[in-house]
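S.K.: Sharing a structure here in structure tokens format.
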Amino acid sequence: MKLFRSGVFVVAAFAAFALSATVGHAATPKDQLVIGTSLAQVLSLDPQQATEAKALEVMANLYDRLVATDANGRDKIIPQLAEKWEIDEKGITFKLRDATFASGNPVTAKDVVYSLTRLLKLDQSAAANFKRIGYTGDNIETLARAIDDKTFRIDLTNAVAADFLMYRLAMVVASVVDSVEVQKHVVNNDFGNAWLRTNSAGSGPFTLNRWTPNEIVILEANPKYVTGKPQLRRVVMRHVPESQVERLMLERGDIDIANALTASDLNAFKDKSGFVIQRVPTLGFYVLAMNASNQHLSSPLVREAIAYGIDYAGIERTILGPYGKTRTVPVPETLSEAIPSPDWKFDVEKAKALLAEAGYPNGFNLTLKTISQTPRVDMATAIQASLAQIGIKVTIQQGNGSDIIAAHRARDFDLLIPQTGAYMPNALGSMEQFSSNPDNSREANNAGNFVWRSAWDIPELTKLTDKASVETDPAKRSEIFKQMQNLFVELKPAVLPMFERFEPIVLNAKVKGYLGHPSLITRLEGVTKASE
Amino acid sequence: MKELTFSELGKRILQLLVSLFILLCVTFVIGRLLPTDPVGAIVGELADPAAYKAMRARLGLDLPVYQQFWIYLQGLMQGDLGQAILTGNTVASDLAQAFPATLELATLAILISTLVGVPLGLAAALFRDTLVDQIARFIALFGHSVPIFWFGIVGLVIFYAGLAWVGGPGRVDVYYEGIVPSVTGMMLIDSLIAGEVEVFWNALSHIILPACILAYAAMAYITRMTRSFTLEQLSQDYVIAARAKGVSPAGTVIGHVLPNIGVQLITVLAISYGNLLEGAVVTEVVFSWPGIGQYMTNALMIGDMNAILAATIIVGIIFMILNFLADVAYAVLDPRTREAT
């Protein structure tokens, strides 16, 4: 009897527990947006340092820039901290609106100067796009200055046209930080970097409440935001590294947005009511990098044979799905200057003939390095299979992000699958990474340059890229863009774009006003959640 | 307890330190052989060589390996575990945050696996070759051979997504995040300290599934061992004598067998506990559990040497301490080992 009684107790306790657990498990509150994602690569939330996509997504909402690019319009520049601006031959003058930082300090032109100086003096990856057009830690203080509290002026260098500079000023790296607040936390001339990595000092719609690496990022609404407090009280980004788990959480209503799903988990939401899929174009590409310092790959004929040796259509259909679309010129088809893709498609006979012509009728062996991550691993396997048919035997080496990138930087590979993104929503923004390599020598050690890493020497194309960067006449510019693409195809690229890259996200239909930004810097101040 | 003299204790501690040192050396060398690039992870893909070089020098990675190791050891002597690249915090503060999460999970798991595994093993031995025994053996075998990863996903599909009995991944629901101040770092205890009963129930609903799944693998081992220890005892004369005196089977097991296998069981439990603390890695990834396993996985991904070494030391120390305690338990509880020394 005693045994029976204790049994009853256990069952009752479990039932009570299960019940309480269920009750405590309603959908996410109406004033909180919960995003399921992978935070594994987020190492810093300092806008002048971090460049990883998920970090950008967070910082885009903590800080404002002078201007922004519209998530909707292809290449429209819209005001943010600057209410208006004037472009003259020598530079751009911005008039700032009356905004305040979350600390209560007013946003002044001095803060803008400080932020850009900070970017170039910290001198990390984030500075690359400004350095390429001639802004450096040494000259920035003479080129960027505060005319008065609310007027900021930046002079052009001779390497950039004004509108191309505007796009760079819209990037997260050009975020305006609260110089008064940041300077309180400077240690060893680090520009407050150690502090700003884990704290926020911005004027954006949200402030950083907490960031615990690999666990959670919590943003709180900024009551001092210039257009008023956002409707969402909190935005939570939760680290959910497993795609299947993320899918379950989205189905259960524990998260509102999932942005790290694999193609198969994504498909589960295709026709499911209550959910919406957005396929955000990044204007970037999945690329096959071929090391031109390899004796086989230095031959344009071999590179063309490989371009004919990949089953693009098959990979797009069975592996990429919503993640990509076949495109072998590094300018997305949707942009007005885009030329059609060349005739490169899977053609065993043609590829074999080209290899024979290059002097390799019996083929040869290569290794292919890739980050072990969907969809790149599957892509590597498919490329291995199709290249085998034309006589090239490929061995795949998988690794994590940092070791594959290290091999890429060190030119230590035969074939490798990197990906690109575009920081400007125009042809140059997507193409620049494929068309510029100022010094191909090994001594130049220009590991930050995408083309240099493949040892692909392209002086003419580099010259055209520089020419396009300073051209202000739209008609002439468009002409140069077309010329660049044609030359790119003609040279049989060692950095072969294969697929245009998309970032699919799934949203609970209750989320309103969320529009995925092509540069993955979606702003959340206008997002709301409908009631049940 | 007189056998465990101070000199004996000193010898054991010295052994412990030597083992730790060897563990450190091996981890350091393996870490350096890995082709990971922490510098690239910090400065970003597009940084130019000057910035890259400057960061490399700042991290001390331009020095020869033996010198790096020496600097690390010097810091370690002063209790400095270095800075983590992954988070920018000191490794010590990172571990102070991650470890309680793992400890909480593993402790609950060992409790569950003991409370279920020991009785199940006893029953299986007592009813040897009956249906009870076969069921127990099947459960144990199944738990031993199915990967935790698969269990985790299936568990989530059934109990979280399907039946909605338990909370999802993470330690609490989003709207409870940040309510409870961290005192011990263990959510169940902290919420009770703060008097937040609702958060406690929510945290419990989140931990119960990963703990049960983690417990299952350990339980399988505990059940098997308990069964075989018990069987060994059941053929002993004292058991036969007890049975002859009319003690019931259950009475024999609880009153006579259990105390006799207690010492062996403690060793098994200590080993299991160590394994749980270390083996929580996969469970933590599946359940987005921010513990030491997930911390270590991410550190490995970018080659964050300070974080990897510190986590290795912690896991190593725990293993050694648990082994040590199991030995002490032997010495204290088992008169036979006492006589032998």
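Lettering and numbering for the structure tokens are positional, with chains as A, B, ... in the shown order, residues counted from 1 in each chain, and ligands counted from 1 in the shown order.
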May I ask you to extract the residues of chain B within 8 Å of chain A, using only C-alpha atoms, and to give them as a ChimeraX atom specification?

M.R.: /B:35-38,40-49,51-52,85-88,153,156-157,161,164-169,173-175,201-202,205,285-290,294-295,298,301-303

S.K.: Looking only at the backbone, which of the residues in region 368-492 of chain A does DSSP tag as strand (DSSP E), as a list in words?

M.R.: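 So the strand (DSSP E) residues in region 368-492 of chain A would be Leu368, Lys369, Thr370, Ile371, Ile392, Lys393, Val394, Thr395, Ile396, Gln397, Gln398, Gly399, Leu415 and Leu416 of chain A.
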
S.K.: Considering only C-alpha atoms, return as a ChimeraX atom specification whatever protein or nucleic-acid residues lie within 8 Å of region 270-278 of chain B, sequence-local ones (same chain, fewer than 3 positions apart) excluded.

M.R.: /B:102-103,106-107,109-110,214,218,222,266-267,281,293,315,318-319,322-323,326

S.K.: Would you save the residues of that selection, restricted to N, CA and C atoms, as a compact mmCIF listing (two decimals), in the first residue's frame?

M.R.:
```txt
# COMPACT_ATOMS: atom_id res chain seq x y z
N THR B 102 27.03 23.66 -17.20
CA THR B 102 27.34 22.24 -17.42
C THR B 102 27.18 21.45 -16.13
N LEU B 103 27.66 22.05 -15.03
CA LEU B 103 27.60 21.38 -13.73
C LEU B 103 26.15 21.07 -13.36
N ALA B 106 24.90 18.24 -15.66
CA ALA B 106 25.50 16.94 -15.37
C ALA B 106 25.07 16.42 -14.01
N THR B 107 24.91 17.33 -13.04
CA THR B 107 24.51 16.88 -11.70
C THR B 107 23.10 16.32 -11.73
N ALA B 109 21.70 15.08 -14.28
CA ALA B 109 21.77 13.85 -15.06
C ALA B 109 22.27 12.68 -14.21
N ILE B 110 23.28 12.93 -13.37
CA ILE B 110 23.82 11.82 -12.57
C ILE B 110 22.80 11.40 -11.50
N LEU B 214 20.97 12.94 -21.36
CA LEU B 214 22.34 12.75 -20.93
C LEU B 214 22.39 11.62 -19.91
N ALA B 218 24.44 7.40 -19.35
CA ALA B 218 25.13 7.04 -18.10
C ALA B 218 24.37 5.92 -17.39
N ILE B 222 25.48 2.37 -15.67
CA ILE B 222 25.25 2.11 -14.24
C ILE B 222 24.41 0.85 -14.06
N ILE B 266 30.24 3.45 -6.07
CA ILE B 266 30.74 4.83 -5.97
C ILE B 266 31.75 5.10 -7.08
N THR B 267 32.62 4.12 -7.33
CA THR B 267 33.60 4.30 -8.42
C THR B 267 32.89 4.47 -9.76
N VAL B 281 29.10 17.71 -24.33
CA VAL B 281 29.36 18.52 -25.52
C VAL B 281 28.22 18.44 -26.55
N GLY B 293 30.91 22.61 -22.77
CA GLY B 293 31.03 21.81 -24.00
C GLY B 293 30.89 22.69 -25.22
N VAL B 315 38.45 20.16 -17.20
CA VAL B 315 37.93 18.80 -17.37
C VAL B 315 38.91 17.79 -16.77
N ILE B 318 38.76 17.84 -12.96
CA ILE B 318 37.54 17.19 -12.47
C ILE B 318 37.70 15.67 -12.49
N PHE B 319 38.21 15.19 -13.61
CA PHE B 319 38.41 13.75 -13.74
C PHE B 319 39.31 13.23 -12.64
N LEU B 322 37.68 13.40 -9.19
CA LEU B 322 36.66 12.37 -9.00
C LEU B 322 37.31 11.01 -8.78
N ASN B 323 38.36 10.74 -9.53
CA ASN B 323 39.08 9.48 -9.35
C ASN B 323 39.67 9.38 -7.96
N ALA B 326 37.02 8.78 -5.44
CA ALA B 326 36.58 7.39 -5.49
C ALA B 326 37.58 6.50 -4.74
```

S.K.: Quick one: everything within 7 Å of Ala170 (chain A), counting only C-alpha atoms, minus sequence neighbours fewer than 3 positions away in the same chain. Send it as a list in words.

M.R.: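 Close residues of Ala170 (chain A): Arg65, Leu66, Val67, Ala68, Thr69, Met166, Tyr167 and Ala174 of chain A.
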
S.K.: If you run DSSP over the backbone, which residues in region 352-466 of chain A end up alpha helix (DSSP H)? Put them as a PyMOL selection string.

M.R.: chain A and resi 352-357+376-389+401-409+427-435+459-466

S.K.: Please provide as an mmCIF file with C-alpha atoms, in the first residue's frame all residues within 10 Å of Pro119 (chain B), with the sequence filter that same-chain residues fewer than 3 positions apart are discarded (counting only C-alpha atoms).

M.R.:
```cif
data_model
loop_
_atom_site.group_PDB
_atom_site.id
_atom_site.type_symbol
_atom_site.label_atom_id
_atom_site.label_comp_id
_atom_site.auth_asym_id
_atom_site.auth_seq_id
_atom_site.Cartn_x
_atom_site.Cartn_y
_atom_site.Cartn_z
ATOM 1 C CA THR B 114 21.538 6.842 -10.302
ATOM 2 C CA LEU B 115 17.945 6.881 -9.106
ATOM 3 C CA VAL B 116 16.839 4.860 -12.123
ATOM 4 C CA LEU B 122 19.328 -4.592 -8.778
ATOM 5 C CA ALA B 123 16.004 -5.765 -10.155
ATOM 6 C CA ALA B 124 17.646 -7.241 -13.223
ATOM 7 C CA ALA B 125 20.047 -9.257 -11.077
ATOM 8 C CA ILE B 222 25.251 2.111 -14.242
ATOM 9 C CA THR B 223 22.520 -0.503 -14.768
ATOM 10 C CA THR B 226 24.993 -2.743 -10.831
ATOM 11 C CA ARG B 227 23.576 -5.914 -12.306
ATOM 12 C CA ILE B 254 18.566 -3.711 0.245
#
```

S.K.: I'd like the contact shell of Ala307 (chain B) - 8 Å cut-off, only C-alpha atoms, skipping same-chain residues fewer than 6 positions apart - returned as a PyMOL selection string.

M.R.: chain B and resi 83-85+91+296+299

S.K.: Can you tell me which residues surround Asp31 (chain A) at a distance of at most 7 Å, considering only C-alpha atoms, apart from same-chain residues fewer than 6 positions away, and format the answer as a list in words?

M.R.: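 Final neighbour list, sorted by chain and number: Gln231, Leu232, Arg233 and Arg234 of chain A.
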
S.K.: Write the selection just made, keeping all heavy atoms, as an mmCIF file, in the first residue's frame?

M.R.:
```cif
data_model
loop_
_atom_site.group_PDB
_atom_site.id
_atom_site.type_symbol
_atom_site.label_atom_id
_atom_site.label_comp_id
_atom_site.auth_asym_id
_atom_site.auth_seq_id
_atom_site.Cartn_x
_atom_site.Cartn_y
_atom_site.Cartn_z
ATOM 1 N N GLN A 231 8.384 50.114 -31.377
ATOM 2 C CA GLN A 231 7.270 49.372 -30.770
ATOM 3 C C GLN A 231 7.732 48.123 -30.038
ATOM 4 O O GLN A 231 7.133 47.714 -29.060
ATOM 5 C CB GLN A 231 6.295 48.965 -31.867
ATOM 6 C CG GLN A 231 5.574 50.159 -32.447
ATOM 7 C CD GLN A 231 4.164 49.775 -32.842
ATOM 8 O OE1 GLN A 231 3.566 48.895 -32.244
ATOM 9 N NE2 GLN A 231 3.654 50.447 -33.851
ATOM 10 N N LEU A 232 8.767 47.488 -30.559
ATOM 11 C CA LEU A 232 9.268 46.289 -29.887
ATOM 12 C C LEU A 232 10.047 46.716 -28.646
ATOM 13 O O LEU A 232 10.910 47.579 -28.720
ATOM 14 C CB LEU A 232 10.212 45.514 -30.807
ATOM 15 C CG LEU A 232 9.596 44.842 -32.026
ATOM 16 C CD1 LEU A 232 10.701 44.346 -32.945
ATOM 17 C CD2 LEU A 232 8.712 43.674 -31.603
ATOM 18 N N ARG A 233 9.730 46.110 -27.520
ATOM 19 C CA ARG A 233 10.437 46.445 -26.294
ATOM 20 C C ARG A 233 11.810 45.772 -26.270
ATOM 21 O O ARG A 233 12.783 46.323 -25.804
ATOM 22 C CB ARG A 233 9.608 45.970 -25.100
ATOM 23 C CG ARG A 233 10.136 46.379 -23.751
ATOM 24 C CD ARG A 233 9.103 46.057 -22.671
ATOM 25 N NE ARG A 233 8.828 44.621 -22.568
ATOM 26 C CZ ARG A 233 9.558 43.774 -21.865
ATOM 27 N NH1 ARG A 233 10.618 44.194 -21.223
ATOM 28 N NH2 ARG A 233 9.246 42.480 -21.805
ATOM 29 N N ARG A 234 11.839 44.551 -26.796
ATOM 30 C CA ARG A 234 13.094 43.781 -26.787
ATOM 31 C C ARG A 234 13.261 43.004 -28.075
ATOM 32 O O ARG A 234 12.278 42.538 -28.653
ATOM 33 C CB ARG A 234 13.069 42.721 -25.661
ATOM 34 C CG ARG A 234 13.385 43.235 -24.325
ATOM 35 C CD ARG A 234 14.196 42.287 -23.480
ATOM 36 N NE ARG A 234 13.581 41.027 -23.099
ATOM 37 C CZ ARG A 234 14.088 40.250 -22.135
ATOM 38 N NH1 ARG A 234 15.152 40.640 -21.474
ATOM 39 N NH2 ARG A 234 13.539 39.104 -21.844
#
```

S.K.: At what distance in Å, to one decimal, does CA of Asp304 (chain B) lie from CA of Pro418 (chain A)?

M.R.: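 A separation of 22.4 Å between them.
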
S.K.: Measuring atom to atom with only C-alpha atoms, identify which of B:His206, B:Lys53, B:Arg32, B:Arg128 is nearest to Phe69 (chain B).

M.R.: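 Closest to Phe69 (chain B), using only C-alpha atoms: B:Arg32.
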
S.K.: Figure out the distance between CA of Val268 (chain B) and CA of Thr252 (chain B), please, to one decimal in Å.

M.R.: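 It comes out at 22.0 Å.
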
S.K.: Given only C-alpha atoms, how would the per-residue table for region 148-259 of chain B near region 131-142 of chain B read, listing every residue at most 12 Å away with its closest atom pair and distance in Å to one decimal, sorted by chain and number, as a tab-separated table?

M.R.:
```
residue	atom	partner	partner_atom	distance
B:Ile148	CA	B:Phe142	CA	11.1
B:Phe151	CA	B:Phe142	CA	10.7
B:Ala215	CA	B:Ala140	CA	11.6
B:Tyr216	CA	B:Ala140	CA	8.4
B:Ala217	CA	B:Ala140	CA	8.1
B:Ala218	CA	B:Ala140	CA	9.2
B:Met219	CA	B:Ala140	CA	7.2
B:Ala220	CA	B:Ala140	CA	4.0
B:Tyr221	CA	B:Ala140	CA	6.9
B:Ile222	CA	B:Ala140	CA	8.6
B:Thr223	CA	B:Ala140	CA	6.6
B:Arg224	CA	B:Ala140	CA	6.7
B:Met225	CA	B:Ala140	CA	10.2
B:Thr226	CA	B:Ala136	CA	11.3
B:Arg227	CA	B:Asp133	CA	9.1
B:Ser228	CA	B:Arg137	CA	11.3
B:Leu231	CA	B:Asp133	CA	11.7
```
